[in-house]
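S.K.: The structure's right below; bear with me while I get my questions together.
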Amino acid sequence: MDHYILGLSCYYHDSAAAILRNGEIVAAAQEERFSRKKHDSSFPKNAVSYCLKSQSITLSDVKEVVYYEKPLLTFERLLETYLGSAPRGGRSFVAAMQVWLKEKLFLKNKLKNHLREVQEELCTKPFELPTLLFSEHHLSHAAAAFYPSPFEESAILCMDGVGEWATTSTWIGKGNRINPLWEISFPHSLGLLYSAFTYYCGFKVNSGEYKLMGLAPYGEPKYADKIKDYLIDIKDDGTFNLDISYFKYHRGFRMTGRKFHKLFGRPPRKGETELSQFDMDMAASIQVVTEEVVLKLARSLREETGIKNLCLAGGVALNCVANGVLLREDIFDNIWIQPASGDAGSSLGGALIGWHKYHQKERNINPIDSMKGTYLGPEFSNSEIIGYLNKIKAPFQTQKNSELFDTLAEELEKGHVVGWFNGPMEFGPRSLGARSIIGDPRNQKMQSIMNLKIKYRESFRPFAPSVLEEEVSNQFEMNSKSPYMLLVAPVKKELCKQMTKEENKLFGIEKLNIPRSSLPAITHVDYSARVQTVSNITNPRYHKLISAFRQKTGCPTIVNTSFNVRGEPIVCTPQDAYRCFMRTEMDVLVLENQILFKSEQPKVEKDETWMQEFELD
C-alpha cells in the first residue's frame, strides 16, 4: 500500500501544498495559482485538493500531514520581542495579538477543520484525519534544499527573513540525516535587511525584493560603506549583527524608522512614483553588502565542514545575482539551490522531514535532482483544451509537434510575442517553459514591448533567457547547468557590444535603451543575464521549440518571462491563459498543440465583466 505524506505551508505568505508517494515528490503547487490572489497566505485548500486528485486519492489515504513550522515558537518570539521594546510598538502588538488569539494559537484545530472541509468535498464517507506533525521553519528549508539535491553529503545554508527564531542557519546533510551546526537569530536578519531597503525604495516587502535586485545594476554602490558602518557589523566569518535602532520591523508596521531615514537623508519613496538615481544607488549598495555576507558565510562554512557541496534555501537564495557571484568564486565544487526556496517550498521540506526524519526512510538520490524540473503542478490534455476552446467559440488550429514548432519559430522571428502553455505547471516563483511568455532575444524592442504591452510593469525590469543546455557556454560565461533560473552570468564577450564614449556618460535608467549585445532583450545593463538552461530530459517540448528556433535563426536562446500580467499570479489553467492572452497585446497563444492567433480572435469590450464569457461553468 502506498505511503502518502502531505506537506503544508500557510498563514504567512505564499501558501502551498506538496505530496510524497513512498518518498517520491509527485505533486506540489502554490495556492495563489488557483485562487488568483498573488502571494495568497490562506489555507491552501485548492492546492491540497490538486495534490490529492493528482494521485486519485483522498485524505483517508494520507498517513501524515506535516506543517512547515512550529507556531508556538513564533508566538514566543513575538512576545519576547514586543516586551523587549515596550512601550513602543503598542499598536502593532495589539494587532498581532488579535490575530494570534483568534486564529494562530489554535492552529492545530484550524488545520484539522480545513482538512475536514477538503475531505468532505472529495468524499462523503466517514474518515479519520491523518497524523498531524509540525516541523521547524529552517529545518523545513534545509530539508527542501538537501533531500531533493543530487548530493549524498552537503553543507546547507538557509537565509531568509525569520523563521521561529532563526534568520540564518547552517546544517550538514548526509544520507537521510540533517544535523544543525549554528544559526543567527532574530532580529539580526540578512533577509529583513534586504526587505528594509525594498521598503525604503518604494517596493512591497515579500514580493518586491527581485525588483530591487533588478534595479541594482543601474546604480553605483555609493552607500555600501555607510550600510556597513551604521546598519550591519559583518564579521570575518560572515556572521553579523544589525543595529536595530535604525529599524521598525521588530516592533511596528513599517520596516525602517526615522533614524534610518535621517541616515540616508530622505523618507521612503512612495510606491509608483518616479525612481531616482538615489534609489538605484541604494539598490546597488544593499546588493553588494548582501553578496559580501553570502560569500563570507559560504567560505567559513566550507572551511568548517570541509564538504565540497552546498545546498541553498530560504528567501535570500532567490537572489540569483548573489548566487551567480557565489558560483564564480568556486568556494564549493557544486551548488544546488531549491527552486522553490521561499516559504512555498517549505511545504515540500515539511513532507520530506516526515519521510526521512519521522520515518527514518533512506534517500533515493537522483543524479540530476528529485524536483522533476519543478513541473509538479496541474496539466491539461489536448481534449480538455479543445473542449474549452470550442465552448467559448475561440478560433484555433491543432498542429502536430513538428509543424507547431516550425510555426512558432517563424512567429518568433517576426518579432511576435507568444504565450506558451505546456505540460505540468511549475512549482516555485519562476516560469520555466510550462507557463511562459516567449520572444526573440535578438529583437532590440522586445524588452520594452514585453514590459509595457504584455506585462504592464516597470520598464527597467530585465527578462531572462532560456538557452539549450548544450549551448549555454556558447552564449554565457558559465559552464554549469542552471535549470531553475537561479544563477546570473555574464553574456559571452563575443556577443557583447561596447558602449561609445557618449553612451558611457549616461546614468541610471538612461542606459536602458542602449543595446549591450546581439541578444539585447535578455542582456541587462551590466552585461548579465538570469540564465535558464533547458534540458531535453526534463522539458523535451520546450527544448524542441528552442531547437526549431535555432534551426531557423542560428540562435539557441529565447526570451522567457512568466505567463501573467503585473499583480497577478502565473496562469494555471487554459482559462487563465486565454484571459491573459486577450487582456494583453500578445500575438499568439499555444495551449499544448492548439495555436491561437490574436488577429483571429473575437473583438470584445474590456469592461469589468468582459472576461466572464470566457469562463467555464
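Identifiers in the C-alpha cells: chain A, B, ... in order shown; residue index from 1 per chain; ligand index from 1 in order shown.
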Set the distance at 7 Å and use only C-alpha atoms: which residues neighbour Leu591 of chain A once local chain neighbours fewer than 5 positions away are removed? I'd like the list as a VMD selection string.

M.R.: chain A and resid 420 to 422 574

S.K.: Residues within 10 Å of Asp576 of chain A, please, as a PDB file with N, CA, C and O atoms, in the first residue's frame. Count only C-alpha atoms; anything in the same chain fewer than 4 positions from it doesn't count.

M.R.:
ATOM      1  N   ARG A  33      -2.036  30.160  -7.400  1.00  0.00           N
ATOM      2  CA  ARG A  33      -2.302  29.790  -8.791  1.00  0.00           C
ATOM      3  C   ARG A  33      -3.763  29.412  -9.001  1.00  0.00           C
ATOM      4  O   ARG A  33      -4.283  29.532 -10.110  1.00  0.00           O
ATOM      5  N   PHE A  34      -4.407  28.948  -7.941  1.00  0.00           N
ATOM      6  CA  PHE A  34      -5.816  28.552  -8.020  1.00  0.00           C
ATOM      7  C   PHE A  34      -6.744  29.693  -7.603  1.00  0.00           C
ATOM      8  O   PHE A  34      -7.767  29.930  -8.236  1.00  0.00           O
ATOM      9  N   ARG A  36      -6.030  32.854  -7.622  1.00  0.00           N
ATOM     10  CA  ARG A  36      -5.709  34.033  -8.436  1.00  0.00           C
ATOM     11  C   ARG A  36      -5.432  35.255  -7.553  1.00  0.00           C
ATOM     12  O   ARG A  36      -5.541  36.395  -8.006  1.00  0.00           O
ATOM     13  N   PHE A 563       4.146  33.796 -17.401  1.00  0.00           N
ATOM     14  CA  PHE A 563       2.872  33.958 -18.108  1.00  0.00           C
ATOM     15  C   PHE A 563       1.868  34.587 -17.136  1.00  0.00           C
ATOM     16  O   PHE A 563       1.071  33.903 -16.485  1.00  0.00           O
ATOM     17  N   ASN A 564       1.902  35.890 -17.029  1.00  0.00           N
ATOM     18  CA  ASN A 564       0.964  36.640 -16.192  1.00  0.00           C
ATOM     19  C   ASN A 564       1.144  38.116 -16.487  1.00  0.00           C
ATOM     20  O   ASN A 564       2.108  38.516 -17.155  1.00  0.00           O
ATOM     21  N   PRO A 569      -0.949  36.251 -10.281  1.00  0.00           N
ATOM     22  CA  PRO A 569      -0.089  35.065 -10.272  1.00  0.00           C
ATOM     23  C   PRO A 569       0.099  34.507 -11.681  1.00  0.00           C
ATOM     24  O   PRO A 569      -0.645  34.842 -12.610  1.00  0.00           O
ATOM     25  N   ILE A 570       1.081  33.659 -11.832  1.00  0.00           N
ATOM     26  CA  ILE A 570       1.292  32.931 -13.086  1.00  0.00           C
ATOM     27  C   ILE A 570       0.039  32.101 -13.390  1.00  0.00           C
ATOM     28  O   ILE A 570      -0.622  31.576 -12.486  1.00  0.00           O
ATOM     29  N   VAL A 571      -0.310  31.990 -14.661  1.00  0.00           N
ATOM     30  CA  VAL A 571      -1.529  31.272 -15.048  1.00  0.00           C
ATOM     31  C   VAL A 571      -1.411  29.794 -14.705  1.00  0.00           C
ATOM     32  O   VAL A 571      -0.319  29.223 -14.697  1.00  0.00           O
ATOM     33  N   CYS A 572      -2.554  29.197 -14.426  1.00  0.00           N
ATOM     34  CA  CYS A 572      -2.604  27.775 -14.075  1.00  0.00           C
ATOM     35  C   CYS A 572      -3.362  26.978 -15.130  1.00  0.00           C
ATOM     36  O   CYS A 572      -2.889  25.948 -15.594  1.00  0.00           O
ATOM     37  N   CYS A 580      -5.486  35.975 -20.013  1.00  0.00           N
ATOM     38  CA  CYS A 580      -4.283  36.802 -20.060  1.00  0.00           C
ATOM     39  C   CYS A 580      -3.934  37.178 -21.509  1.00  0.00           C
ATOM     40  O   CYS A 580      -3.562  38.317 -21.801  1.00  0.00           O
ATOM     41  N   PHE A 581      -4.076  36.218 -22.397  1.00  0.00           N
ATOM     42  CA  PHE A 581      -3.818  36.432 -23.827  1.00  0.00           C
ATOM     43  C   PHE A 581      -4.704  37.552 -24.382  1.00  0.00           C
ATOM     44  O   PHE A 581      -4.239  38.453 -25.089  1.00  0.00           O
ATOM     45  N   PHE A 614     -15.571  34.000 -21.202  1.00  0.00           N
ATOM     46  CA  PHE A 614     -14.527  33.031 -21.495  1.00  0.00           C
ATOM     47  C   PHE A 614     -14.318  32.042 -20.352  1.00  0.00           C
ATOM     48  O   PHE A 614     -13.387  31.254 -20.368  1.00  0.00           O
ATOM     49  N   GLU A 615     -15.152  32.111 -19.321  1.00  0.00           N
ATOM     50  CA  GLU A 615     -15.032  31.184 -18.195  1.00  0.00           C
ATOM     51  C   GLU A 615     -15.921  29.968 -18.439  1.00  0.00           C
ATOM     52  O   GLU A 615     -16.960  30.047 -19.066  1.00  0.00           O
TER      53      GLU A 615
END

S.K.: Name all residues at most 9 Å from Met450 of chain A (count only C-alpha atoms; drop same-chain ones fewer than 2 positions away) and give them as a list in words.

M.R.: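 Contacts, with the query itself left out: Val417, Ile437, Gly439, Lys445, Met446, Gln447, Ser448, Leu452, Lys453, Ile454, Lys455, Tyr456, Arg457, Phe463, Thr561, Glu585 and Met586 of chain A.
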
S.K.: Using only C-alpha atoms, which protein or nucleic acid residues come within 6 Å of Ser482 of chain A? Drop anything in the same chain fewer than 2 positions from it, and give the result as a list in words.

M.R.: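 Surrounding residues, per the criterion: Tyr484, Met485, Gln532 and Thr533 of chain A.
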
S.K.: Hey, can you spit out that residue selection with C-alpha atoms as an mmCIF file, in the first residue's frame?

M.R.:
data_model
loop_
_atom_site.group_PDB
_atom_site.id
_atom_site.type_symbol
_atom_site.label_atom_id
_atom_site.label_comp_id
_atom_site.auth_asym_id
_atom_site.auth_seq_id
_atom_site.Cartn_x
_atom_site.Cartn_y
_atom_site.Cartn_z
ATOM 1 C CA TYR A 484 15.813 26.824 -12.357
ATOM 2 C CA MET A 485 16.807 30.337 -13.447
ATOM 3 C CA GLN A 532 17.734 29.091 -17.552
ATOM 4 C CA THR A 533 19.276 26.046 -19.219
#

S.K.: For atom CA of Leu589 of chain A and atom CA of Leu389 of chain A, determine how far apart the two atoms are, in Å to one decimal place.

M.R.: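 Taking atom CA of Leu589 of chain A as the start and atom CA of Leu389 of chain A as the end point, the length is 12.0 Å.
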
S.K.: Which residues come within 12 Å of Gln498 of chain A, counting only C-alpha atoms, excluding same-chain residues fewer than 3 positions away, as JSON, numbers by chain?

M.R.: {"A": [493, 494, 495, 501, 502, 503, 504, 514, 515, 516, 517, 518, 525, 526, 527]}

S.K.: Keeping only C-alpha atoms, write the selected residues to a file as a PDB file, in the first residue's frame.

M.R.:
ATOM      1  CA  LYS A 493      32.091  38.542 -24.534  1.00  0.00           C
ATOM      2  CA  GLU A 494      31.974  37.799 -28.245  1.00  0.00           C
ATOM      3  CA  LEU A 495      28.255  38.648 -28.247  1.00  0.00           C
ATOM      4  CA  LYS A 501      32.087  57.455 -25.051  1.00  0.00           C
ATOM      5  CA  GLU A 502      28.770  59.299 -25.253  1.00  0.00           C
ATOM      6  CA  GLU A 503      26.826  56.240 -24.086  1.00  0.00           C
ATOM      7  CA  ASN A 504      29.225  55.707 -21.177  1.00  0.00           C
ATOM      8  CA  ILE A 514      21.373  51.047 -25.250  1.00  0.00           C
ATOM      9  CA  PRO A 515      21.798  47.543 -26.744  1.00  0.00           C
ATOM     10  CA  ARG A 516      24.579  45.709 -24.882  1.00  0.00           C
ATOM     11  CA  SER A 517      24.849  42.594 -27.039  1.00  0.00           C
ATOM     12  CA  SER A 518      23.486  40.770 -30.048  1.00  0.00           C
ATOM     13  CA  VAL A 525      22.750  46.938 -18.270  1.00  0.00           C
ATOM     14  CA  ASP A 526      25.742  45.244 -16.605  1.00  0.00           C
ATOM     15  CA  TYR A 527      26.033  42.691 -19.465  1.00  0.00           C
TER      16      TYR A 527
END

S.K.: Just the strand (DSSP E or B) stuff from segment 363-595 of chain A, please, per backbone DSSP, written as a ChimeraX atom specification.

M.R.: /A:375,397-398,418-421,426,435-439,464-468,476,487-491,496,517,528-534,557-562,588-591,594-595

S.K.: Write to file, as a compact mmCIF listing (two decimals), in the first residue's frame, the residues of the selection just made, with C-alpha atoms.

M.R.:
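Resulting contents of part.txt:
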# COMPACT_ATOMS: atom_id res chain seq x y z
CA TYR A 375 6.94 20.56 -13.25
CA GLN A 397 -5.74 25.31 -35.10
CA THR A 398 -4.46 21.96 -33.86
CA VAL A 418 3.93 34.03 -27.79
CA GLY A 419 2.09 32.70 -24.74
CA TRP A 420 3.40 29.15 -24.18
CA PHE A 421 1.22 26.76 -22.11
CA GLU A 426 5.92 24.88 -12.40
CA ARG A 435 3.68 28.68 -18.24
CA SER A 436 5.88 31.18 -20.11
CA ILE A 437 5.68 34.18 -22.42
CA ILE A 438 8.44 33.90 -25.02
CA GLY A 439 10.05 36.10 -27.66
CA ALA A 464 15.60 36.05 -18.67
CA PRO A 465 16.91 33.79 -21.43
CA SER A 466 16.04 30.15 -21.91
CA VAL A 467 19.01 28.52 -23.64
CA LEU A 468 19.54 24.97 -24.82
CA PHE A 476 27.12 32.93 -21.50
CA LEU A 487 22.01 31.97 -11.45
CA VAL A 488 23.09 35.20 -13.13
CA ALA A 489 26.01 35.02 -15.54
CA PRO A 490 27.72 37.45 -17.95
CA VAL A 491 26.74 37.28 -21.60
CA CYS A 496 28.64 41.91 -26.32
CA SER A 517 24.85 42.59 -27.04
CA SER A 528 24.48 39.94 -17.32
CA ALA A 529 21.51 37.61 -17.72
CA ARG A 530 19.47 35.38 -15.40
CA VAL A 531 20.02 32.09 -17.21
CA GLN A 532 17.73 29.09 -17.55
CA THR A 533 19.28 26.05 -19.22
CA VAL A 534 16.71 23.81 -20.92
CA THR A 557 18.20 31.19 -26.94
CA ILE A 558 14.76 32.73 -26.49
CA VAL A 559 13.29 35.29 -24.09
CA ASN A 560 11.33 33.68 -21.26
CA THR A 561 9.15 35.56 -18.77
CA SER A 562 6.32 34.40 -16.56
CA VAL A 588 0.00 34.10 -30.38
CA LEU A 589 -1.22 31.65 -27.74
CA VAL A 590 -0.22 27.99 -27.63
CA LEU A 591 -2.23 25.62 -25.44
CA GLN A 594 -3.59 24.24 -30.11
CA ILE A 595 -2.38 27.51 -31.59

S.K.: What lies within 6 Å of Ser341 of chain A using only C-alpha atoms, ignoring chain neighbours under 3 positions off, as an mmCIF file with N, CA, C and O atoms, in the first residue's frame?

M.R.:
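File written: out-v3.cif
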data_model
loop_
_atom_site.group_PDB
_atom_site.id
_atom_site.type_symbol
_atom_site.label_atom_id
_atom_site.label_comp_id
_atom_site.auth_asym_id
_atom_site.auth_seq_id
_atom_site.Cartn_x
_atom_site.Cartn_y
_atom_site.Cartn_z
ATOM 1 N N ALA A 313 18.718 27.382 0.485
ATOM 2 C CA ALA A 313 17.264 27.597 0.519
ATOM 3 C C ALA A 313 16.978 28.807 1.390
ATOM 4 O O ALA A 313 17.885 29.384 1.995
ATOM 5 N N GLY A 314 15.707 29.179 1.468
ATOM 6 C CA GLY A 314 15.307 30.411 2.137
ATOM 7 C C GLY A 314 15.179 31.519 1.118
ATOM 8 O O GLY A 314 15.730 31.444 0.008
ATOM 9 N N GLY A 315 14.452 32.579 1.469
ATOM 10 C CA GLY A 315 14.170 33.649 0.523
ATOM 11 C C GLY A 315 15.401 34.298 -0.078
ATOM 12 O O GLY A 315 15.394 34.704 -1.246
ATOM 13 N N GLN A 338 17.394 25.081 -4.066
ATOM 14 C CA GLN A 338 15.993 24.661 -4.141
ATOM 15 C C GLN A 338 15.217 25.683 -4.980
ATOM 16 O O GLN A 338 15.198 26.869 -4.652
ATOM 17 N N GLY A 345 8.155 26.473 -0.809
ATOM 18 C CA GLY A 345 8.948 25.251 -0.858
ATOM 19 C C GLY A 345 9.056 24.539 0.467
ATOM 20 O O GLY A 345 9.390 23.349 0.520
#

S.K.: Let me make sure I understand: among A:Phe240, A:Phe43, A:Trp165, A:Tyr210, which one has the smallest atom-to-atom distance to Val321 of chain A if we use only C-alpha atoms?

M.R.: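 Closest to Val321 of chain A of all the choices is A:Tyr210.
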
S.K.: Applying 9 Å and only C-alpha atoms, which residues near Glu600 of chain A remain after dropping the ones on its own chain fewer than 6 positions away? List them as a PyMOL selection string.

M.R.: chain A and resi 394-396

S.K.: For the selection just defined, write its residues with N, CA, C and O atoms to a file, as a short mmCIF file (atom, residue, chain, number, x, y, z; two decimals), in the first residue's frame.

M.R.:
data_model
loop_
_atom_site.label_atom_id
_atom_site.label_comp_id
_atom_site.auth_asym_id
_atom_site.auth_seq_id
_atom_site.Cartn_x
_atom_site.Cartn_y
_atom_site.Cartn_z
N ALA A 394 -13.63 30.07 -29.57
CA ALA A 394 -12.37 30.75 -29.91
C ALA A 394 -11.75 30.06 -31.11
O ALA A 394 -11.54 28.84 -31.09
N PRO A 395 -11.43 30.79 -32.18
CA PRO A 395 -10.79 30.18 -33.35
C PRO A 395 -9.40 29.65 -33.00
O PRO A 395 -8.62 30.34 -32.34
N PHE A 396 -9.10 28.43 -33.43
CA PHE A 396 -7.78 27.85 -33.16
C PHE A 396 -7.47 26.80 -34.21
O PHE A 396 -8.33 26.35 -34.96
#

S.K.: Determine which residues of segment 165-223 of chain A receive a DSSP assignment of helix (DSSP H, G or I), computed from the backbone, and state them as a list in words.

M.R.: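 Restricting segment 165-223 of chain A to helix (DSSP H, G or I) produces Leu190, Gly191, Leu192, Leu193, Tyr194, Ser195, Ala196, Phe197, Thr198, Tyr199, Tyr200, Glu209, Tyr210, Lys211, Leu212, Met213, Gly214, Leu215, Ala216, Pro217 and Tyr218 of chain A.
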
S.K.: Residues of segment 273-308 of chain A within 12 Å of segment 324-334 of chain A: nearest atom pair and distance (Å, one decimal) for each, counting only C-alpha atoms, sorted by chain and number, as JSON lines?

M.R.:
{"residue": "A:Gln287", "atom": "CA", "partner": "A:Val325", "partner_atom": "CA", "distance": 11.3}
{"residue": "A:Val288", "atom": "CA", "partner": "A:Val325", "partner_atom": "CA", "distance": 10.4}
{"residue": "A:Thr290", "atom": "CA", "partner": "A:Val325", "partner_atom": "CA", "distance": 10.9}
{"residue": "A:Glu291", "atom": "CA", "partner": "A:Val325", "partner_atom": "CA", "distance": 7.4}
{"residue": "A:Glu292", "atom": "CA", "partner": "A:Val325", "partner_atom": "CA", "distance": 9.7}
{"residue": "A:Val293", "atom": "CA", "partner": "A:Leu326", "partner_atom": "CA", "distance": 10.7}
{"residue": "A:Val294", "atom": "CA", "partner": "A:Leu326", "partner_atom": "CA", "distance": 7.6}
{"residue": "A:Leu295", "atom": "CA", "partner": "A:Leu326", "partner_atom": "CA", "distance": 6.2}
{"residue": "A:Lys296", "atom": "CA", "partner": "A:Leu326", "partner_atom": "CA", "distance": 9.8}
{"residue": "A:Leu297", "atom": "CA", "partner": "A:Leu326", "partner_atom": "CA", "distance": 10.5}
{"residue": "A:Ala298", "atom": "CA", "partner": "A:Ile331", "partner_atom": "CA", "distance": 7.0}
{"residue": "A:Arg299", "atom": "CA", "partner": "A:Ile331", "partner_atom": "CA", "distance": 6.2}
{"residue": "A:Ser300", "atom": "CA", "partner": "A:Ile331", "partner_atom": "CA", "distance": 9.7}
{"residue": "A:Leu301", "atom": "CA", "partner": "A:Ile331", "partner_atom": "CA", "distance": 9.6}
{"residue": "A:Arg302", "atom": "CA", "partner": "A:Phe332", "partner_atom": "CA", "distance": 7.0}
{"residue": "A:Glu303", "atom": "CA", "partner": "A:Ile331", "partner_atom": "CA", "distance": 9.5}
{"residue": "A:Thr305", "atom": "CA", "partner": "A:Phe332", "partner_atom": "CA", "distance": 11.2}
{"residue": "A:Gly306", "atom": "CA", "partner": "A:Phe332", "partner_atom": "CA", "distance": 9.5}
{"residue": "A:Ile307", "atom": "CA", "partner": "A:Phe332", "partner_atom": "CA", "distance": 7.9}
{"residue": "A:Lys308", "atom": "CA", "partner": "A:Phe332", "partner_atom": "CA", "distance": 5.2}

S.K.: Between A:Lys248, A:Tyr223, A:Val205, A:Ser535, which has the minimum distance to Gly265 of chain A (counting only C-alpha atoms)?

M.R.: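 Smallest distance to Gly265 of chain A is found for A:Tyr223.
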
S.K.: Just to confirm, what's the straight-line distance from atom CA of Gly163 of chain A to atom CA of His137 of chain A in Å (one decimal)?

M.R.: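 It comes out at 5.1 Å.
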
S.K.: To one decimal place in Å, what is the distance between atom CA of Trp336 of chain A and atom CA of Phe134 of chain A?

M.R.: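 Separation between atom CA of Trp336 of chain A and atom CA of Phe134 of chain A: 25.7 Å.
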